[in-house]
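Chemist: Below is the file run_6.cif, which contains mmCIF, C-alpha atoms.
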```cif
data_final
#
loop_
_atom_site.label_atom_id
_atom_site.label_comp_id
_atom_site.auth_asym_id
_atom_site.auth_seq_id
_atom_site.Cartn_x
_atom_site.Cartn_y
_atom_site.Cartn_z
CA MET A 19 0.00 0.00 0.00
CA LEU A 20 1.19 3.49 -0.73
CA LYS A 21 1.73 5.85 2.14
CA ASP A 22 0.02 9.21 2.22
CA ASP A 23 3.33 11.10 2.27
CA GLU A 24 4.92 9.08 -0.53
CA ASP A 25 5.73 11.02 -3.68
CA VAL A 26 3.80 9.33 -6.45
CA SER A 27 3.96 10.61 -10.02
CA ARG A 28 0.58 11.39 -11.52
CA ILE A 29 -0.52 9.04 -14.26
CA SER A 30 -2.30 10.84 -17.06
CA ASP A 31 -5.37 9.25 -18.62
CA PRO A 32 -4.97 8.06 -22.19
CA ALA A 33 -6.45 10.42 -24.76
CA PHE A 34 -9.60 9.09 -26.43
CA PRO A 35 -10.97 10.64 -29.61
CA SER A 36 -14.16 12.62 -29.04
CA THR A 37 -17.30 11.13 -30.51
CA GLU A 38 -19.26 14.39 -30.21
CA PRO A 39 -19.90 16.30 -33.45
CA GLN A 40 -17.46 19.15 -33.85
CA GLY A 41 -18.93 22.63 -34.18
CA PHE A 42 -17.83 25.46 -36.43
CA SER A 43 -15.84 28.49 -35.40
CA PRO A 44 -17.42 31.97 -35.68
CA GLU A 45 -15.20 32.65 -38.71
CA GLN A 46 -16.64 29.63 -40.53
CA MET A 47 -20.28 30.56 -39.99
CA VAL A 48 -22.22 32.16 -42.86
CA ARG A 49 -24.44 35.16 -42.13
CA CYS A 50 -27.87 35.26 -43.77
CA GLU A 51 -28.40 38.51 -45.68
CA GLU A 52 -32.14 38.43 -44.89
CA CYS A 53 -32.36 37.81 -41.13
CA LEU A 54 -28.65 38.43 -40.31
CA ARG A 55 -28.34 35.18 -38.33
CA ALA A 56 -25.31 32.92 -38.48
CA ASN A 57 -25.62 29.54 -40.18
CA PRO A 58 -23.33 26.50 -40.43
CA PRO A 59 -21.24 26.52 -43.63
CA ILE A 60 -22.72 23.15 -44.69
CA ARG A 61 -26.12 24.72 -45.47
CA PHE A 62 -27.39 26.25 -48.71
CA GLU A 63 -30.32 28.10 -47.15
CA CYS A 64 -30.89 29.87 -43.86
CA LEU A 65 -31.84 27.62 -40.97
CA TYR A 66 -34.19 30.30 -39.61
CA CYS A 67 -35.87 32.10 -42.54
CA GLY A 68 -35.19 29.76 -45.51
CA GLN A 69 -33.43 32.45 -47.57
CA ALA A 70 -30.64 31.26 -49.90
CA LEU A 71 -27.25 31.81 -48.28
CA PRO A 72 -24.40 33.63 -50.07
CA ALA A 73 -21.68 31.56 -51.72
CA ARG A 74 -19.02 30.30 -49.32
CA GLU A 75 -15.62 31.07 -50.81
CA GLY A 76 -12.89 28.82 -49.56
CA ALA A 77 -15.24 26.72 -47.45
CA THR A 78 -13.59 23.53 -46.23
CA ALA A 79 -16.63 21.78 -44.74
CA PRO A 80 -18.57 19.66 -47.26
CA ALA A 81 -22.05 21.00 -47.89
CA ARG A 82 -24.98 18.72 -47.12
CA PRO A 83 -28.51 19.14 -48.52
CA SER A 84 -31.19 19.79 -45.92
CA LEU A 85 -34.04 18.39 -48.07
CA ARG A 86 -36.68 20.14 -46.00
CA PRO A 87 -40.32 19.52 -47.00
CA LEU A 88 -41.54 22.20 -49.38
CA VAL A 89 -44.78 24.04 -48.68
CA LYS A 90 -47.62 24.04 -51.19
CA GLY A 91 -46.89 26.38 -54.08
CA GLU A 92 -43.13 26.51 -53.43
CA GLN A 93 -41.00 25.74 -56.48
CA GLY A 94 -38.49 22.92 -56.07
CA TYR A 95 -35.91 20.92 -57.99
CA ASN A 96 -36.29 17.19 -58.51
CA CYS A 97 -33.38 14.78 -58.74
CA ILE A 98 -34.52 12.04 -61.13
CA LEU A 99 -32.83 8.64 -61.27
CA MET A 100 -32.01 7.77 -64.86
CA LYS A 101 -29.72 4.75 -64.62
CA CYS A 102 -28.22 2.41 -62.03
CA PRO A 103 -25.03 0.38 -62.47
CA GLN A 104 -25.73 -2.99 -64.04
CA GLU A 105 -23.76 -4.74 -61.31
CA GLY A 106 -25.66 -2.83 -58.63
CA LEU A 107 -24.31 -0.77 -55.76
CA SER A 108 -22.17 -1.97 -52.89
CA ASP A 109 -23.57 -1.88 -49.37
CA ASN A 110 -21.35 1.10 -48.52
CA SER A 111 -22.48 3.02 -51.59
CA LEU A 112 -26.13 2.29 -50.84
CA ALA A 113 -25.72 3.48 -47.26
CA GLU A 114 -23.94 6.65 -48.39
CA ALA A 115 -26.59 7.44 -51.02
CA ALA A 116 -29.47 6.68 -48.65
CA GLY A 117 -27.97 8.98 -45.99
CA LEU A 118 -27.59 11.78 -48.50
CA LEU A 119 -31.19 11.38 -49.72
CA ARG A 120 -32.72 10.90 -46.24
CA LEU A 121 -34.07 7.50 -47.30
CA ASP A 122 -33.92 4.04 -45.80
CA VAL A 123 -31.49 1.68 -47.50
CA ALA A 124 -34.38 -0.72 -48.19
CA ASP A 125 -36.40 2.04 -49.89
CA LEU A 126 -33.47 3.16 -52.05
CA THR A 127 -32.80 -0.46 -52.99
CA ARG A 128 -36.43 -0.85 -54.04
CA ILE A 129 -36.24 2.28 -56.22
CA CYS A 130 -33.10 1.00 -57.95
CA GLN A 131 -34.63 -2.44 -58.54
CA VAL A 132 -37.73 -0.99 -60.24
CA LYS A 133 -35.52 0.20 -63.13
CA ARG A 134 -37.76 3.18 -63.86
CA ARG A 135 -36.92 6.87 -64.04
CA LEU A 136 -38.11 7.95 -60.59
CA PRO A 137 -37.54 10.89 -58.23
CA LEU A 138 -34.89 10.45 -55.55
CA ALA A 139 -35.14 13.85 -53.88
CA ARG A 140 -36.90 17.21 -54.13
CA SER A 141 -34.83 20.14 -52.93
CA ALA A 142 -35.61 23.80 -52.40
CA THR A 143 -32.59 25.26 -54.20
CA PRO A 144 -30.75 24.43 -57.43
CA GLN A 145 -27.46 24.31 -55.50
CA GLU A 146 -28.76 21.45 -53.37
CA ALA A 147 -30.00 19.62 -56.46
CA VAL A 148 -26.62 19.96 -58.20
CA LEU A 149 -24.82 18.75 -55.07
CA ILE A 150 -27.05 15.65 -54.94
CA GLU A 151 -26.53 15.00 -58.64
CA GLN A 152 -22.73 15.26 -58.36
CA THR A 153 -22.51 13.17 -55.19
CA LEU A 154 -24.68 10.38 -56.62
CA ALA A 155 -22.62 10.41 -59.83
CA SER A 156 -19.48 9.67 -57.78
CA ILE A 157 -21.30 6.66 -56.31
CA GLY A 158 -22.45 5.37 -59.69
CA LEU A 159 -26.05 6.63 -59.97
CA GLU A 160 -26.86 8.63 -63.09
CA THR A 161 -29.38 11.39 -62.38
CA ILE A 162 -30.73 14.61 -63.88
CA VAL A 163 -32.34 17.66 -62.27
CA VAL A 164 -35.86 18.60 -63.39
CA SER A 165 -37.36 21.76 -61.93
CA ASP A 166 -40.97 22.11 -60.84
CA GLN A 167 -41.18 24.96 -63.34
CA ALA A 168 -40.46 22.51 -66.16
CA LEU A 169 -43.23 20.19 -64.93
CA ALA A 170 -45.65 23.11 -64.39
CA VAL A 171 -48.01 21.06 -62.21
CA GLU A 172 -49.70 24.05 -60.58
CA GLU A 173 -49.04 26.72 -63.22
CA SER A 174 -50.54 24.75 -66.10
CA PRO A 175 -52.92 22.04 -64.81
CA PRO A 176 -54.26 19.47 -67.30
CA GLN A 177 -57.37 20.56 -69.18
CA ARG A 178 -60.27 18.38 -68.09
CA LEU A 179 -62.61 17.05 -70.73
CA LYS A 180 -66.34 16.55 -70.25
CA LYS A 181 -66.86 14.67 -73.54
CA ILE A 182 -65.24 13.96 -76.90
CA ASP A 183 -66.48 13.37 -80.43
CA LEU A 184 -64.81 10.39 -82.11
CA ARG A 185 -63.94 10.81 -85.78
CA GLU A 186 -61.90 8.81 -88.26
CA SER A 187 -58.73 10.93 -88.23
CA GLU A 188 -59.28 13.04 -85.12
CA PHE A 189 -61.35 13.60 -82.03
CA VAL A 190 -62.98 16.79 -80.80
CA ALA A 191 -62.33 17.70 -77.17
CA HIS A 192 -65.00 19.54 -75.17
CA TYR A 193 -63.76 21.14 -71.96
CA THR A 194 -65.40 21.34 -68.55
CA SER A 195 -64.12 24.92 -68.24
CA GLY A 196 -66.28 26.14 -71.12
CA LEU A 197 -63.37 26.87 -73.48
CA PRO A 198 -63.97 26.44 -77.22
CA SER A 199 -63.72 22.87 -78.45
CA THR A 200 -60.43 21.63 -79.93
CA SER A 201 -59.75 19.07 -82.66
CA ILE A 202 -56.80 16.72 -82.08
CA GLU A 203 -55.49 14.41 -84.76
CA TRP A 204 -54.97 10.82 -83.66
CA SER A 205 -51.51 10.82 -85.23
CA ALA A 206 -50.45 13.74 -82.99
CA ILE A 207 -50.93 11.80 -79.74
CA THR A 208 -47.59 10.76 -78.24
CA LEU A 209 -48.41 9.48 -74.74
CA THR A 210 -51.39 8.32 -72.68
CA MET A 211 -50.99 7.94 -68.90
CA ALA A 212 -53.46 5.83 -66.92
CA GLY A 213 -53.87 5.98 -63.16
CA ARG A 214 -56.29 6.40 -60.29
CA LEU A 215 -57.03 9.33 -58.02
CA PHE A 216 -57.66 8.57 -54.36
CA ALA A 217 -59.11 11.01 -51.87
CA LYS A 218 -59.95 10.68 -48.17
CA ARG A 219 -61.88 13.28 -46.19
CA VAL A 220 -61.95 13.06 -42.40
CA GLN A 221 -64.26 15.43 -40.55
CA PHE A 222 -64.51 15.72 -36.79
CA LYS A 223 -66.57 17.87 -34.48
CA GLU A 224 -65.34 18.80 -31.00
CA ARG A 225 -66.73 20.74 -28.07
CA LYS A 226 -64.75 22.76 -25.55
CA ARG A 227 -64.88 21.54 -21.96
CA ARG A 228 -63.51 22.88 -18.75
CA GLY A 229 -59.74 22.78 -18.89
CA PRO A 230 -57.45 22.63 -21.90
CA GLU A 231 -58.90 19.44 -23.40
CA LYS A 232 -61.74 19.27 -25.89
CA GLU A 233 -64.40 16.61 -26.29
CA ILE A 234 -64.80 14.97 -29.70
CA VAL A 235 -68.53 14.57 -30.25
CA ASP A 236 -68.65 13.33 -33.86
CA THR A 237 -66.34 12.02 -36.62
CA SER A 238 -66.91 10.93 -40.19
CA GLU A 239 -64.72 9.63 -43.00
CA THR A 240 -65.40 9.42 -46.73
CA THR A 241 -63.18 8.04 -49.49
CA SER A 242 -63.24 8.14 -53.27
CA ASP A 243 -61.43 6.23 -56.00
CA GLU A 244 -61.56 7.41 -59.60
CA ALA A 245 -59.88 6.24 -62.81
CA VAL A 246 -58.03 8.92 -64.77
CA LEU A 247 -56.36 9.13 -68.19
CA ASP A 248 -53.95 11.87 -69.32
CA ILE A 249 -53.47 12.43 -73.05
CA TYR A 250 -50.45 14.24 -74.48
CA ALA A 251 -49.94 15.35 -78.09
CA LYS A 252 -47.20 17.04 -80.09
CA ASN A 253 -46.69 20.75 -79.40
CA GLN A 254 -48.98 20.56 -76.35
CA ASP A 255 -47.39 20.51 -72.91
CA GLY A 256 -50.32 20.65 -70.49
CA GLY A 257 -52.20 17.60 -71.74
CA TRP A 258 -55.86 16.66 -71.47
CA ARG A 259 -57.45 14.70 -68.64
CA ILE A 260 -60.41 12.33 -68.67
CA MET A 261 -61.89 11.43 -65.27
CA ALA A 262 -64.26 8.46 -65.10
CA ASN A 263 -66.82 9.96 -62.72
CA ASN A 264 -67.16 13.28 -64.55
CA PHE A 265 -67.31 12.35 -68.22
CA ASP A 266 -70.01 11.91 -70.84
CA PHE A 267 -69.42 8.52 -72.49
CA SER A 268 -72.09 8.99 -75.17
CA CYS A 269 -69.30 8.93 -77.77
CA LEU A 270 -69.12 5.14 -77.28
CA GLY A 271 -72.55 4.65 -78.86
CA ASP A 272 -73.71 1.03 -78.61
CA GLN A 273 -70.61 0.14 -76.53
CA LYS A 274 -71.74 2.33 -73.64
CA THR A 275 -72.95 0.53 -70.49
CA LEU A 276 -74.41 1.64 -67.18
CA LEU A 277 -71.08 1.37 -65.32
CA ALA A 278 -68.56 4.23 -65.48
CA GLY A 279 -65.64 1.87 -64.87
CA GLU A 280 -66.52 -0.28 -67.88
CA ASN A 281 -67.08 2.77 -70.07
CA PHE A 282 -63.73 4.23 -69.03
CA SER A 283 -61.89 1.01 -69.95
CA THR A 284 -63.70 0.88 -73.30
CA LEU A 285 -62.87 4.51 -74.09
CA ALA A 286 -59.20 4.01 -73.17
CA ALA A 287 -59.06 1.01 -75.52
CA VAL A 288 -60.67 3.04 -78.32
CA ILE A 289 -58.11 5.83 -77.91
CA ARG A 290 -55.26 3.31 -77.96
CA ASP A 291 -56.65 1.64 -81.10
CA HIS A 292 -56.85 4.99 -82.91
CA SER A 293 -53.34 6.07 -81.86
CA PRO A 294 -51.08 3.00 -82.08
CA GLN A 295 -48.01 5.23 -82.40
CA ALA A 296 -48.54 6.64 -78.90
CA GLU A 297 -46.92 5.15 -75.81
CA TYR A 298 -49.35 3.77 -73.23
CA ASP A 299 -48.13 3.92 -69.61
CA ASN A 300 -50.07 2.39 -66.70
CA SER A 301 -47.15 2.08 -64.27
CA TYR A 302 -48.41 4.63 -61.74
CA LEU A 303 -50.35 2.26 -59.48
CA SER A 304 -47.39 -0.08 -59.05
CA LEU A 305 -45.08 2.87 -58.24
CA ARG A 306 -47.26 4.76 -55.78
CA ARG A 307 -45.34 3.49 -52.74
CA VAL A 308 -41.91 4.66 -53.98
CA LEU A 309 -43.32 7.94 -55.32
CA GLU A 310 -44.74 8.64 -51.86
CA LEU A 311 -41.19 8.75 -50.46
CA VAL A 312 -40.31 11.90 -52.42
CA TRP A 313 -43.67 13.22 -53.68
CA PRO A 314 -46.07 12.55 -50.80
CA SER A 315 -49.84 12.90 -51.14
CA GLU A 316 -51.09 16.33 -50.23
CA GLN A 317 -52.99 16.86 -46.99
CA GLU A 318 -54.97 19.99 -46.22
CA THR A 319 -57.01 20.84 -43.12
CA ALA A 320 -59.77 23.43 -43.19
CA SER A 321 -61.89 24.84 -40.37
CA LEU A 322 -65.66 24.59 -40.84
CA GLY A 323 -66.40 27.22 -38.20
CA TRP A 324 -68.47 27.35 -35.02
CA GLN A 325 -71.85 25.75 -34.48
CA ARG A 326 -74.41 26.22 -31.71
CA ASP A 327 -75.33 22.97 -29.92
CA GLY A 328 -77.88 24.29 -27.50
CA ALA A 329 -78.09 26.84 -24.76
CA GLY A 330 -74.59 28.05 -23.98
CA LYS A 331 -72.94 25.19 -25.91
CA TYR A 332 -70.77 25.60 -28.99
CA SER A 333 -68.70 23.22 -31.09
CA THR A 334 -66.13 23.54 -33.85
CA SER A 335 -65.62 21.35 -36.89
CA GLU A 336 -62.56 20.65 -39.05
CA ALA A 337 -62.06 18.59 -42.19
CA THR A 338 -58.81 17.07 -43.43
CA LEU A 339 -58.52 16.13 -47.11
CA THR A 340 -55.77 13.81 -48.35
CA THR A 341 -55.38 13.32 -52.10
CA ASN A 342 -52.81 11.96 -54.54
CA GLU A 343 -53.91 14.12 -57.48
CA SER A 344 -50.82 16.34 -57.39
CA GLN A 345 -48.58 13.27 -57.10
CA PHE A 346 -50.12 11.61 -60.16
CA THR A 347 -49.98 14.84 -62.16
CA ARG A 348 -46.32 15.32 -61.26
CA TYR A 349 -45.45 11.76 -62.33
CA SER A 350 -47.50 12.10 -65.52
CA ARG A 351 -45.75 15.35 -66.41
CA LEU A 352 -42.35 13.82 -65.64
CA CYS A 353 -42.97 10.92 -68.05
CA HIS A 354 -44.07 13.35 -70.75
CA PHE A 355 -41.09 15.66 -70.09
CA LEU A 356 -38.61 12.80 -70.36
CA LYS A 357 -40.27 11.53 -73.53
CA VAL A 358 -40.14 14.94 -75.20
CA THR A 359 -36.50 15.39 -74.10
CA SER A 360 -35.62 11.96 -75.54
CA LEU A 361 -37.32 12.76 -78.86
CA ASN A 362 -35.52 16.11 -79.12
CA GLN A 363 -32.15 14.44 -78.59
CA GLN A 364 -32.68 11.98 -81.44
#
```
Could you write out this file's structure as structure tokens?

Modeler:
Amino acid sequence: MLKDDEDVSRISDPAFPSTEPQGFSPEQMVRCEECLRANPPIRFECLYCGQALPAREGATAPARPSLRPLVKGEQGYNCILMKCPQEGLSDNSLAEAAGLLRLDVADLTRICQVKRRLPLARSATPQEAVLIEQTLASIGLETIVVSDQALAVEESPPQRLKKIDLRESEFVAHYTSGLPSTSIEWSAITLTMAGRLFAKRVQFKERKRRGPEKEIVDTSETTSDEAVLDIYAKNQDGGWRIMANNFDFSCLGDQKTLLAGENFSTLAAVIRDHSPQAEYDNSYLSLRRVLELVWPSEQETASLGWQRDGAGKYSTSEATLTTNESQFTRYSRLCHFLKVTSLNQQ
């Protein structure tokens, strides 16, 4: 045993590397020109106000995309997978790509196995999109960046048709909006996209009680499922849309039945028979799950106001609508965009 008065040299603890993430010095931080707050140099947009940050000259830290969810109406930039290596990706490459894209390795593997041109990420700035494209290229994934402006989902929605007149060399489109009718030659059709639109509306009614909690007094849920067909022709970017539940199938003549689903299938077959040169694509339903990872269905909640429930009692109602219409339109426009780009390159 050592004595208390014995001179014992102090033994220093061995140095272990820190596992905590290292911060950035004040000199490395980037100041936002909009809100004047400091941001890490790995960001492209302000952490606080979302404004694009100024270019970082001489930055040593590798930038990393934030991939924040975009709000409705905000323009984004889509990184589209064009080609995977024939031999596949190694486990390390898959993990690196999945971390960059904020995806699970299993989900990224599923996207690569589908062998379709699908979105991998939707970013808020072109700088983020270019960074993703370059990083994935170093791993072996060939991608391109397609802006929301090029797809024009909200700026130029498809023109909905209420009925058509079938003719030998063309059909006449009649619009639900009341615009003048248009004649389209069968030979001008380049692509038809088939899919289904799903919508779910959940409404609940609640009443305020004593205290912070509220009492739910009533709930209801309704769903809808509707077949849809988008038609694209040469020199026409927006396309036309036929929806099964809001269409006059009198153009089918003796082939028309009492069921909208049967009439829709018959009309789609007639259009395909008259335009054999056009590509027919019905892949949407099988790809909904992977599309949801990057282009989720839209959900919107609206207040239905106050309602009197008796003497001194009031209740409020809200309704939440979830629909995949924007998702299908975005995928339909992407397929048309890629087809037109391919034709222009030939």

Chemist: Using the chain letters and numbers from the file, give me the residues hit by the PyMOL selection byres ((chain A and resi 215) around 6), as a PDB file with C-alpha atoms, in the frame of the given file.

Modeler:
```pdb
ATOM      1  CA  ARG A 214     -56.290   6.400 -60.290  1.00  0.00           C
ATOM      2  CA  PHE A 216     -57.660   8.570 -54.360  1.00  0.00           C
ATOM      3  CA  ASP A 243     -61.430   6.230 -56.000  1.00  0.00           C
ATOM      4  CA  GLU A 244     -61.560   7.410 -59.600  1.00  0.00           C
ATOM      5  CA  GLU A 343     -53.910  14.120 -57.480  1.00  0.00           C
TER       6      GLU A 343
END
```

Chemist: Which residue, A:Arg134, A:Arg306, A:Arg140, A:Lys223, has the smallest gap to Arg86 of chain A when you use only C-alpha atoms?

Modeler: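 For Arg86 of chain A, the nearest of the given residues is A:Arg140.
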
Chemist: Which of these residues is nearest to Arg61 of chain A, using all atoms listed in the file: A:Leu119, A:Leu184, A:Ile207, A:Met47?

Modeler: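 Of the candidates, the smallest distance to Arg61 of chain A is held by A:Met47.
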
Chemist: Just so the selection is clear, what residues does the PyMOL selection byres ((chain A and resi 109) around 12) cover here, as a list in words?

Modeler: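 Against this file, the PyMOL selection byres ((chain A and resi 109) around 12) returns the residues Gly106, Leu107, Ser108, Asn110, Ser111, Leu112, Ala113, Glu114, Ala115, Ala116, Val123, Ala124, Leu126, Thr127 and Ile157 of chain A.
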
Chemist: Return the single residue from A:Asn253, A:Gln221, A:Thr194, A:Asn263 that is closest to Ser321 of chain A, with distances computed using only C-alpha atoms.

Modeler: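 Looking at the shortest contact to Ser321 of chain A, the residue is A:Gln221.
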
Chemist: What is the distance, in Å and to one decimal place, between atom CA of Thr200 of chain A and atom CA of Ser283 of chain A?

Modeler: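 Atom CA of Ser283 of chain A lies at a distance of 23.0 Å from atom CA of Thr200 of chain A.
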
Chemist: For the PyMOL selection byres ((chain A and resi 136) around 8), applied here, can you spell out every residue it catches as a PDB file with C-alpha atoms, in the coordinates of the input?

Modeler:
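What ended up in part15.pdb:
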```
ATOM      1  CA  ILE A  98     -34.520  12.040 -61.130  1.00  0.00           C
ATOM      2  CA  LEU A  99     -32.830   8.640 -61.270  1.00  0.00           C
ATOM      3  CA  MET A 100     -32.010   7.770 -64.860  1.00  0.00           C
ATOM      4  CA  ILE A 129     -36.240   2.280 -56.220  1.00  0.00           C
ATOM      5  CA  ARG A 134     -37.760   3.180 -63.860  1.00  0.00           C
ATOM      6  CA  ARG A 135     -36.920   6.870 -64.040  1.00  0.00           C
ATOM      7  CA  PRO A 137     -37.540  10.890 -58.230  1.00  0.00           C
ATOM      8  CA  LEU A 138     -34.890  10.450 -55.550  1.00  0.00           C
ATOM      9  CA  LEU A 309     -43.320   7.940 -55.320  1.00  0.00           C
TER      10      LEU A 309
END
```

Chemist: With distances taken over only C-alpha atoms, which of A:Leu339, A:Ala168, A:Val288, A:Leu85 is nearest to Gln145 of chain A?

Modeler: A:Leu85

Chemist: Could you tell me how far atom CA of Trp258 of chain A sits from atom CA of Pro176 of chain A, in Å to one decimal place?

Modeler: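 That distance, rounded to one decimal, is 5.3 Å.
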
Chemist: Counting all atoms listed in the file, which of A:Pro72, A:Pro59, A:Pro294, A:Pro83 gets nearest to Gln46 of chain A?

Modeler: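 Closest to Gln46 of chain A of all the choices is A:Pro59.
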
Chemist: How far is it from atom CA of Ala320 of chain A to atom CA of Ala337 of chain A, in Å with one decimal?

Modeler: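 Separating atom CA of Ala320 of chain A from atom CA of Ala337 of chain A is a distance of 5.4 Å.
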
Chemist: Kindly indicate which residue among A:Val164, A:Leu209, A:Ile182, A:Val132 lies nearest to Leu352 of chain A, using all atoms listed in the file for the distances.

Modeler: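 Looking only at the distances to Leu352 of chain A, the closest residue turns out to be A:Val164.
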
Chemist: I'd like the contact shell of Glu105 of chain A - 12 Å cut-off, only C-alpha atoms, skipping same-chain residues fewer than 3 positions apart - returned as a list in words.

Modeler: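 With the cut-off at 12 Å, the set is Lys101, Cys102, Ser108, Cys130, Gln131, Gly158 and Leu159 of chain A.
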
Chemist: For Ser350 of chain A, list every protein, DNA or RNA residue within 10 Å, evaluated using only C-alpha atoms, and leave out those in the same chain fewer than 6 positions away; present the list as a PyMOL selection string.

Modeler: chain A and resi 169+171+209-213+247-250+257+299+302+344

Chemist: Got a sec to write segment 66-112 of chain A of the block to a file, C-alpha atoms, as a PDB file, in the first residue's frame?

Modeler:
```
ATOM      1  CA  TYR A  66     -34.186  30.298 -39.615  1.00  0.00           C
ATOM      2  CA  CYS A  67     -35.868  32.097 -42.543  1.00  0.00           C
ATOM      3  CA  GLY A  68     -35.187  29.765 -45.507  1.00  0.00           C
ATOM      4  CA  GLN A  69     -33.430  32.447 -47.566  1.00  0.00           C
ATOM      5  CA  ALA A  70     -30.638  31.262 -49.902  1.00  0.00           C
ATOM      6  CA  LEU A  71     -27.246  31.815 -48.277  1.00  0.00           C
ATOM      7  CA  PRO A  72     -24.404  33.628 -50.073  1.00  0.00           C
ATOM      8  CA  ALA A  73     -21.684  31.556 -51.719  1.00  0.00           C
ATOM      9  CA  ARG A  74     -19.023  30.301 -49.316  1.00  0.00           C
ATOM     10  CA  GLU A  75     -15.619  31.074 -50.809  1.00  0.00           C
ATOM     11  CA  GLY A  76     -12.887  28.819 -49.556  1.00  0.00           C
ATOM     12  CA  ALA A  77     -15.245  26.716 -47.448  1.00  0.00           C
ATOM     13  CA  THR A  78     -13.593  23.528 -46.233  1.00  0.00           C
ATOM     14  CA  ALA A  79     -16.631  21.779 -44.738  1.00  0.00           C
ATOM     15  CA  PRO A  80     -18.568  19.656 -47.257  1.00  0.00           C
ATOM     16  CA  ALA A  81     -22.054  20.996 -47.892  1.00  0.00           C
ATOM     17  CA  ARG A  82     -24.984  18.724 -47.125  1.00  0.00           C
ATOM     18  CA  PRO A  83     -28.507  19.143 -48.518  1.00  0.00           C
ATOM     19  CA  SER A  84     -31.190  19.793 -45.924  1.00  0.00           C
ATOM     20  CA  LEU A  85     -34.044  18.389 -48.073  1.00  0.00           C
ATOM     21  CA  ARG A  86     -36.681  20.137 -46.003  1.00  0.00           C
ATOM     22  CA  PRO A  87     -40.321  19.522 -47.003  1.00  0.00           C
ATOM     23  CA  LEU A  88     -41.542  22.204 -49.382  1.00  0.00           C
ATOM     24  CA  VAL A  89     -44.778  24.039 -48.682  1.00  0.00           C
ATOM     25  CA  LYS A  90     -47.624  24.044 -51.192  1.00  0.00           C
ATOM     26  CA  GLY A  91     -46.891  26.384 -54.082  1.00  0.00           C
ATOM     27  CA  GLU A  92     -43.132  26.505 -53.432  1.00  0.00           C
ATOM     28  CA  GLN A  93     -41.002  25.737 -56.483  1.00  0.00           C
ATOM     29  CA  GLY A  94     -38.487  22.918 -56.070  1.00  0.00           C
ATOM     30  CA  TYR A  95     -35.905  20.923 -57.992  1.00  0.00           C
ATOM     31  CA  ASN A  96     -36.291  17.186 -58.512  1.00  0.00           C
ATOM     32  CA  CYS A  97     -33.381  14.780 -58.741  1.00  0.00           C
ATOM     33  CA  ILE A  98     -34.515  12.036 -61.135  1.00  0.00           C
ATOM     34  CA  LEU A  99     -32.828   8.636 -61.268  1.00  0.00           C
ATOM     35  CA  MET A 100     -32.005   7.773 -64.862  1.00  0.00           C
ATOM     36  CA  LYS A 101     -29.722   4.751 -64.624  1.00  0.00           C
ATOM     37  CA  CYS A 102     -28.225   2.413 -62.028  1.00  0.00           C
ATOM     38  CA  PRO A 103     -25.031   0.385 -62.469  1.00  0.00           C
ATOM     39  CA  GLN A 104     -25.729  -2.992 -64.038  1.00  0.00           C
ATOM     40  CA  GLU A 105     -23.764  -4.742 -61.312  1.00  0.00           C
ATOM     41  CA  GLY A 106     -25.658  -2.834 -58.629  1.00  0.00           C
ATOM     42  CA  LEU A 107     -24.311  -0.766 -55.761  1.00  0.00           C
ATOM     43  CA  SER A 108     -22.174  -1.970 -52.894  1.00  0.00           C
ATOM     44  CA  ASP A 109     -23.566  -1.878 -49.366  1.00  0.00           C
ATOM     45  CA  ASN A 110     -21.352   1.104 -48.519  1.00  0.00           C
ATOM     46  CA  SER A 111     -22.483   3.023 -51.593  1.00  0.00           C
ATOM     47  CA  LEU A 112     -26.129   2.286 -50.844  1.00  0.00           C
TER      48      LEU A 112
END
```
